[in-house]
Structures are given as structure tokens and as C-alpha cells.
file coords.cif (mmCIF, C-alpha atoms)
data_data
#
loop_
_atom_site.group_PDB
_atom_site.id
_atom_site.type_symbol
_atom_site.label_atom_id
_atom_site.label_comp_id
_atom_site.auth_asym_id
_atom_site.auth_seq_id
_atom_site.Cartn_x
_atom_site.Cartn_y
_atom_site.Cartn_z
ATOM 1 C CA MET A 1 -25.347 -15.663 8.758
ATOM 2 C CA ASN A 2 -24.726 -15.868 5.010
ATOM 3 C CA GLY A 3 -23.048 -13.296 2.749
ATOM 4 C CA SER A 4 -26.264 -11.552 1.701
ATOM 5 C CA ASP A 5 -27.352 -11.260 5.366
ATOM 6 C CA ASP A 6 -23.950 -9.773 6.239
ATOM 7 C CA ALA A 7 -24.239 -7.252 3.404
ATOM 8 C CA LYS A 8 -27.752 -6.222 4.484
ATOM 9 C CA VAL A 9 -26.797 -5.818 8.152
ATOM 10 C CA ILE A 10 -23.708 -3.806 7.292
ATOM 11 C CA GLY A 11 -25.605 -1.735 4.703
ATOM 12 C CA ASP A 12 -28.313 -0.909 7.250
ATOM 13 C CA ARG A 13 -25.674 0.049 9.829
ATOM 14 C CA ILE A 14 -23.947 2.361 7.332
ATOM 15 C CA ALA A 15 -27.273 4.000 6.427
ATOM 16 C CA ARG A 16 -28.091 4.613 10.123
ATOM 17 C CA LEU A 17 -24.662 6.096 10.835
ATOM 18 C CA LEU A 18 -24.849 8.358 7.790
ATOM 19 C CA GLU A 19 -28.286 9.624 8.800
ATOM 20 C CA GLU A 20 -27.029 10.335 12.334
ATOM 21 C CA LEU A 21 -23.981 12.133 10.967
ATOM 22 C CA ARG A 22 -26.022 14.154 8.493
ATOM 23 C CA GLY A 23 -28.265 15.319 11.326
ATOM 24 C CA VAL A 24 -25.376 16.761 13.370
ATOM 25 C CA THR A 25 -23.221 18.339 10.649
ATOM 26 C CA SER A 26 -23.432 21.553 8.703
ATOM 27 C CA PRO A 27 -24.302 21.399 5.000
ATOM 28 C CA GLN A 28 -20.670 22.230 4.140
ATOM 29 C CA ALA A 29 -19.314 19.455 6.369
ATOM 30 C CA TRP A 30 -21.890 17.015 5.007
ATOM 31 C CA ALA A 31 -20.784 17.855 1.451
ATOM 32 C CA ARG A 32 -17.198 16.912 2.403
ATOM 33 C CA VAL A 33 -18.359 13.675 4.056
ATOM 34 C CA ASP A 34 -20.365 12.844 0.936
ATOM 35 C CA GLN A 35 -17.353 13.579 -1.282
ATOM 36 C CA LEU A 36 -15.095 11.423 0.921
ATOM 37 C CA LEU A 37 -17.520 8.510 0.811
ATOM 38 C CA ARG A 38 -17.752 8.737 -2.985
ATOM 39 C CA VAL A 39 -13.946 8.604 -3.293
ATOM 40 C CA VAL A 40 -13.714 5.629 -0.902
ATOM 41 C CA LEU A 41 -16.442 3.809 -2.831
ATOM 42 C CA GLU A 42 -14.617 4.559 -6.082
ATOM 43 C CA LEU A 43 -11.415 3.065 -4.634
ATOM 44 C CA TYR A 44 -13.171 -0.117 -3.547
ATOM 45 C CA GLY A 45 -15.119 -0.309 -6.811
ATOM 46 C CA ARG A 46 -11.875 -0.180 -8.769
ATOM 47 C CA GLY A 47 -10.390 -2.797 -6.450
ATOM 48 C CA LEU A 48 -13.318 -5.159 -6.979
ATOM 49 C CA GLU A 49 -13.130 -4.543 -10.722
ATOM 50 C CA ARG A 50 -9.422 -5.501 -10.663
ATOM 51 C CA VAL A 51 -10.178 -8.653 -8.655
ATOM 52 C CA VAL A 52 -12.729 -9.717 -11.267
ATOM 53 C CA GLU A 53 -10.265 -8.971 -14.096
ATOM 54 C CA VAL A 54 -7.407 -10.827 -12.408
ATOM 55 C CA ALA A 55 -9.626 -13.785 -11.446
ATOM 56 C CA SER A 56 -10.893 -14.035 -15.042
ATOM 57 C CA GLU A 57 -7.412 -14.718 -16.401
ATOM 58 C CA GLU A 58 -6.253 -18.271 -17.044
ATOM 59 C CA GLY A 59 -3.941 -20.004 -14.602
ATOM 60 C CA SER A 60 -3.653 -21.841 -11.350
ATOM 61 C CA ALA A 61 -4.515 -20.574 -7.892
ATOM 62 C CA LYS A 62 -0.799 -19.883 -7.415
ATOM 63 C CA ASP A 63 -0.824 -17.748 -10.606
ATOM 64 C CA LEU A 64 -3.905 -15.892 -9.357
ATOM 65 C CA ARG A 65 -2.226 -15.143 -6.029
ATOM 66 C CA ALA A 66 0.889 -13.865 -7.821
ATOM 67 C CA ARG A 67 -1.200 -11.595 -10.072
ATOM 68 C CA ILE A 68 -3.079 -10.197 -7.082
ATOM 69 C CA LEU A 69 0.179 -9.513 -5.228
ATOM 70 C CA ALA A 70 1.666 -7.854 -8.329
ATOM 71 C CA ASP A 71 -1.249 -5.435 -8.681
ATOM 72 C CA PRO A 72 -0.495 -2.125 -6.879
ATOM 73 C CA LEU A 73 -4.171 -1.318 -6.240
ATOM 74 C CA LEU A 74 -4.927 -4.715 -4.731
ATOM 75 C CA THR A 75 -1.688 -4.763 -2.750
ATOM 76 C CA GLY A 76 -2.533 -1.337 -1.355
ATOM 77 C CA LEU A 77 -5.968 -2.515 -0.258
ATOM 78 C CA LEU A 78 -4.506 -5.635 1.365
ATOM 79 C CA VAL A 79 -1.969 -3.531 3.268
ATOM 80 C CA LEU A 80 -4.634 -1.003 4.260
ATOM 81 C CA HIS A 81 -6.570 -3.773 5.992
ATOM 82 C CA GLY A 82 -3.521 -5.496 7.454
ATOM 83 C CA ILE A 83 -4.152 -8.701 5.499
ATOM 84 C CA HIS A 84 -1.266 -8.696 3.023
ATOM 85 C CA PRO A 85 0.111 -12.242 3.030
ATOM 86 C CA LEU A 86 3.726 -11.047 2.862
ATOM 87 C CA ASP A 87 5.304 -9.314 5.842
ATOM 88 C CA LEU A 88 6.717 -5.798 5.543
ATOM 89 C CA ARG A 89 10.367 -6.853 5.364
ATOM 90 C CA THR A 90 9.684 -9.387 2.588
ATOM 91 C CA ARG A 91 7.803 -6.779 0.538
ATOM 92 C CA VAL A 92 10.626 -4.256 1.017
ATOM 93 C CA GLU A 93 13.289 -6.827 0.043
ATOM 94 C CA ARG A 94 11.335 -7.833 -3.083
ATOM 95 C CA ALA A 95 10.896 -4.191 -4.075
ATOM 96 C CA LEU A 96 14.631 -3.582 -3.687
ATOM 97 C CA ASP A 97 15.332 -6.740 -5.719
ATOM 98 C CA SER A 98 13.263 -5.239 -8.544
ATOM 99 C CA VAL A 99 15.254 -1.996 -8.321
ATOM 100 C CA ARG A 100 18.509 -3.975 -8.454
ATOM 101 C CA ALA A 101 17.265 -5.917 -11.482
ATOM 102 C CA SER A 102 16.291 -2.733 -13.291
ATOM 103 C CA LEU A 103 19.712 -1.180 -12.606
ATOM 104 C CA GLY A 104 21.440 -3.887 -14.613
ATOM 105 C CA ALA A 105 24.673 -2.543 -16.028
ATOM 106 C CA HIS A 106 23.796 1.066 -15.196
ATOM 107 C CA GLY A 107 25.787 0.859 -11.989
ATOM 108 C CA GLY A 108 24.777 1.540 -8.457
ATOM 109 C CA SER A 109 23.310 -0.758 -5.890
ATOM 110 C CA VAL A 110 20.966 -0.618 -2.964
ATOM 111 C CA GLU A 111 21.016 -2.474 0.352
ATOM 112 C CA LEU A 112 18.378 -2.701 3.094
ATOM 113 C CA LEU A 113 20.034 -1.967 6.430
ATOM 114 C CA GLY A 114 16.862 -2.503 8.434
ATOM 115 C CA ILE A 115 13.379 -1.359 9.328
ATOM 116 C CA ASP A 116 12.998 0.351 12.677
ATOM 117 C CA ASP A 117 10.104 0.067 15.137
ATOM 118 C CA ASN A 118 8.547 3.237 13.703
ATOM 119 C CA GLY A 119 8.314 1.689 10.229
ATOM 120 C CA VAL A 120 11.211 3.603 8.663
ATOM 121 C CA ALA A 121 13.271 1.561 6.191
ATOM 122 C CA ARG A 122 16.984 2.387 6.308
ATOM 123 C CA VAL A 123 18.531 1.919 2.874
ATOM 124 C CA GLN A 124 22.155 2.315 1.756
ATOM 125 C CA LEU A 125 22.644 3.572 -1.803
ATOM 126 C CA HIS A 126 25.970 2.891 -3.521
ATOM 127 C CA GLY A 127 26.861 4.843 -6.654
ATOM 128 C CA SER A 128 23.711 6.809 -6.038
ATOM 129 C CA SER A 129 22.054 9.170 -8.409
ATOM 130 C CA PRO A 130 18.715 10.947 -8.335
ATOM 131 C CA LEU A 131 17.451 8.136 -10.595
ATOM 132 C CA LEU A 132 18.427 5.461 -8.069
ATOM 133 C CA SER A 133 16.893 7.238 -5.077
ATOM 134 C CA GLY A 134 13.739 7.945 -7.109
ATOM 135 C CA ALA A 135 13.519 4.288 -8.169
ATOM 136 C CA VAL A 136 13.884 3.152 -4.545
ATOM 137 C CA GLU A 137 11.248 5.618 -3.357
ATOM 138 C CA ARG A 138 8.752 4.538 -6.047
ATOM 139 C CA ALA A 139 9.362 0.806 -5.543
ATOM 140 C CA LEU A 140 9.002 0.966 -1.763
ATOM 141 C CA GLY A 141 6.005 3.298 -1.970
ATOM 142 C CA ASP A 142 4.228 0.800 -4.227
ATOM 143 C CA ALA A 143 5.238 -2.389 -2.415
ATOM 144 C CA ALA A 144 5.140 -1.158 1.173
ATOM 145 C CA PRO A 145 2.855 1.857 1.558
ATOM 146 C CA ASP A 146 2.668 0.980 5.244
ATOM 147 C CA LEU A 147 6.249 2.175 5.736
ATOM 148 C CA SER A 148 6.246 5.513 7.538
ATOM 149 C CA GLY A 149 9.408 6.621 5.756
ATOM 150 C CA ILE A 150 12.614 5.710 3.962
ATOM 151 C CA GLU A 151 15.998 6.852 5.196
ATOM 152 C CA MET A 152 18.402 6.785 2.250
ATOM 153 C CA LEU A 153 22.081 6.860 3.164
ATOM 154 C CA GLY A 154 24.351 7.842 0.311
ATOM 155 C CA ALA A 155 21.550 9.752 -1.443
ATOM 156 C CA PRO A 156 22.551 12.952 -3.278
ATOM 157 C CA GLN A 157 21.915 15.062 -0.119
ATOM 158 C CA SER A 158 23.957 12.626 2.015
ATOM 159 C CA THR A 159 21.052 11.319 4.098
ATOM 160 C CA SER A 160 17.520 11.720 2.914
ATOM 161 C CA LEU A 161 14.323 10.829 4.783
ATOM 162 C CA VAL A 162 11.329 10.328 2.558
ATOM 163 C CA GLN A 163 8.017 10.441 4.397
ATOM 164 C CA LEU A 164 5.414 8.027 3.095
ATOM 165 C CA GLY A 165 1.716 7.713 3.946
ATOM 166 C CA ARG A 166 0.293 6.425 7.179
ATOM 167 C CA ARG A 167 1.076 2.878 8.119
ATOM 168 C CA THR A 168 -1.062 0.386 9.910
ATOM 169 C CA GLU A 169 0.001 -0.663 13.366
ATOM 170 C CA SER A 170 -1.227 -4.233 13.327
ATOM 171 C CA GLY A 171 -1.709 -7.163 11.038
ATOM 172 C CA PRO A 172 0.686 -9.333 9.082
ATOM 173 C CA GLY A 173 2.227 -6.349 7.287
ATOM 174 C CA ALA A 174 3.203 -4.518 10.468
ATOM 175 C CA PRO A 175 6.820 -4.630 11.551
ATOM 176 C CA ALA A 176 7.612 -7.190 14.187
#
call {"tool": "encode", "arguments": {"input": "coords.cif", "output": "C-alpha cells"}}
result
Amino acid sequence: MNGSDDAKVIGDRIARLLEELRGVTSPQAWARVDQLLRVVLELYGRGLERVVEVASEEGSAKDLRARILADPLLTGLLVLHGIHPLDLRTRVERALDSVRASLGAHGGSVELLGIDDNGVARVQLHGSSPLLSGAVERALGDAAPDLSGIEMLGAPQSTSLVQLGRRTESGPGAPA
């Protein structure tokens, strides 16, 4: 089967499922389903648009890969489908490296103590401030949205658990 055949088969399947769903839901529920589908399509449309933009830039295949992995939208989509080429721990370490680099001479440091089986990253903050804990939360949220939370030791409230979005349970990004 070629790509256009795949698209047609999948498109027909989606149309059938939507018709079935529309027939068994109330008008109010159908309106929510319709709204949800529009938002999902918008997300994927923006993702495809970013892929085209990134692929249109000059550079080698290695440069293209790096640009894709640096794009938060594309990284999020890769994680969502469990196909991110970097494992969870590597993405967390790289995100913390970027926080360390941005700290520079401002003091403070951050250390990854581990990632538990539930997908919670345990992070030690030294010389912490609300800016440091906020920077860690943002960096890990962007790089590893599949974490289920971040436990920050040494945060202003002693220990702080930040809940993140849902994480996937399988694929290369899932904790081992």
C-alpha cells in the first residue's frame, strides 16, 4: 500500500467512526467532540507547518535532526507518540544542562537525583530561589512533557512536587 492509499483508508475509517459517534451522541456532546477534533487538527497542522519550515532551512541531515529536536512543538508531538529519539533521562539531563548554563554567575545549581518508575524526576536545588525552581519546571516541562511530576528538594517550600501532564507508558521516551 502506498502513502495515498494509507491516507484514503485512514480517512475513510475516521469518517465512519465520526458518523457512528454522531449518531449516538447528543447535540451538545457532538459539539464538544467537534471542538476537540478541530483543536487536535490545529495542533497537527501547526506541527506539519513547523516540519516544512524546519526542513526548508539549509543544512545537513544532522542539522535538520537537531532543529527538529530543539523545536518544542515537534518534540511534544514526538513524545506524545512515543517516538522521540532521545530517552527520558537524556532529555531531562539536557534540560537541566540548559538551566545550569543559563544560571551562569547568578549562583545556584541543580542536580538530577533520579527518575522513579512513576515518571517523577527528583531534583536537588542548591542556592535555590523561585527563579531557579521556575526555570527547572519550565525546562523539564518543555523537554520532557512525559514526566508525571518533578520533586524539587531544596525548593523554597523545602520539598515541592510539581505535577506535569500525562505521560506515555511505552516507547523510547518511557522510563526504563
call {"tool": "residues_around", "arguments": {"input": "coords.cif", "residues": "Ala139 of chain A", "least_positions_apart": "3", "cutoff": "10 Å", "atoms": "all atoms listed in the file", "output": "list of chain:residue names"}}
result
A:Arg91, A:Val92, A:Arg94, A:Ala95, A:Leu96, A:Asp97, A:Ser98, A:Val99, A:Ser133, A:Gly134, A:Ala135, A:Val136, A:Asp142, A:Ala143, A:Ala144, A:Pro145
call {"tool": "resolve_selection", "arguments": {"input": "coords.cif", "expression": "the PyMOL selection byres ((chain A and resi 62-71) around 10)", "output": "list in words"}}
result
Gly47, Arg50, Val51, Val54, Ala55, Ser56, Glu57, Glu58, Gly59, Ser60, Ala61, Pro72, Leu73, Leu74, Thr75, Gly76, Leu78, His84, Pro85, Leu86, Arg91, Asp142 and Ala143 of chain A
call {"tool": "atom_distance", "arguments": {"input": "coords.cif", "atom1": "atom CA of Met152 of chain A", "atom2": "atom CA of Ser109 of chain A"}}
result
12.1 Å
call {"tool": "resolve_selection", "arguments": {"input": "coords.cif", "expression": "the PyMOL selection byres ((chain A and resi 110) around 8)", "output": "VMD selection string"}}
result
chain A and resid 96 99 to 100 108 to 109 111 to 112 123 to 126
call {"tool": "write_last_selection", "arguments": {"input": "coords.cif", "atoms": "C-alpha atoms", "output": "PDB file, in the frame of the given file"}}
result
ATOM      1  CA  LEU A  96      14.631  -3.582  -3.687  1.00  0.00           C
ATOM      2  CA  VAL A  99      15.254  -1.996  -8.321  1.00  0.00           C
ATOM      3  CA  ARG A 100      18.509  -3.975  -8.454  1.00  0.00           C
ATOM      4  CA  GLY A 108      24.777   1.540  -8.457  1.00  0.00           C
ATOM      5  CA  SER A 109      23.310  -0.758  -5.890  1.00  0.00           C
ATOM      6  CA  GLU A 111      21.016  -2.474   0.352  1.00  0.00           C
ATOM      7  CA  LEU A 112      18.378  -2.701   3.094  1.00  0.00           C
ATOM      8  CA  VAL A 123      18.531   1.919   2.874  1.00  0.00           C
ATOM      9  CA  GLN A 124      22.155   2.315   1.756  1.00  0.00           C
ATOM     10  CA  LEU A 125      22.644   3.572  -1.803  1.00  0.00           C
ATOM     11  CA  HIS A 126      25.970   2.891  -3.521  1.00  0.00           C
TER      12      HIS A 126
END
call {"tool": "closest_residue", "arguments": {"input": "coords.cif", "among": "A:Leu41, A:Ile150, A:Leu17, A:Leu88", "to": "Val120 of chain A", "atoms": "all atoms listed in the file"}}
result
A:Ile150
call {"tool": "residues_around", "arguments": {"input": "coords.cif", "residues": "segment 33-37 of chain A", "least_positions_apart": "6", "cutoff": "10 Å", "atoms": "all atoms listed in the file", "output": "list in words"}}
result
Leu18, Leu21, Arg22, Thr25, Pro27 and Leu43 of chain A
call {"tool": "atom_distance", "arguments": {"input": "coords.cif", "atom1": "atom CA of Gly154 of chain A", "atom2": "atom CA of Leu113 of chain A"}}
result
12.3 Å
call {"tool": "atom_distance", "arguments": {"input": "coords.cif", "atom1": "atom CA of Ile115 of chain A", "atom2": "atom CA of Glu93 of chain A"}}
result
10.8 Å
call {"tool": "axis_aligned_box", "arguments": {"input": "coords.cif", "around": "segment 51-61 of chain A", "padding_each_side": "3 Å", "output": "JSON"}}
result
{"center_x": -8.2, "center_y": -15.2, "center_z": -12.5, "size_x": 15.1, "size_y": 19.2, "size_z": 15.2}
call {"tool": "resolve_selection", "arguments": {"input": "coords.cif", "expression": "the PyMOL selection byres ((chain A and resi 119) around 7)", "output": "PDB file with C-alpha atoms, in the coordinates of the input"}}
result
ATOM      1  CA  ILE A 115      13.379  -1.359   9.328  1.00  0.00           C
ATOM      2  CA  ASP A 116      12.998   0.351  12.677  1.00  0.00           C
ATOM      3  CA  ASP A 117      10.104   0.067  15.137  1.00  0.00           C
ATOM      4  CA  ASN A 118       8.547   3.237  13.703  1.00  0.00           C
ATOM      5  CA  VAL A 120      11.211   3.603   8.663  1.00  0.00           C
ATOM      6  CA  ALA A 121      13.271   1.561   6.191  1.00  0.00           C
ATOM      7  CA  LEU A 147       6.249   2.175   5.736  1.00  0.00           C
ATOM      8  CA  SER A 148       6.246   5.513   7.538  1.00  0.00           C
ATOM      9  CA  GLY A 149       9.408   6.621   5.756  1.00  0.00           C
ATOM     10  CA  PRO A 175       6.820  -4.630  11.551  1.00  0.00           C
TER      11      PRO A 175
END
call {"tool": "closest_residue", "arguments": {"input": "coords.cif", "among": "A:Leu153, A:Ile14, A:Val39, A:Trp30", "to": "Gly127 of chain A", "atoms": "all atoms listed in the file"}}
result
A:Leu153
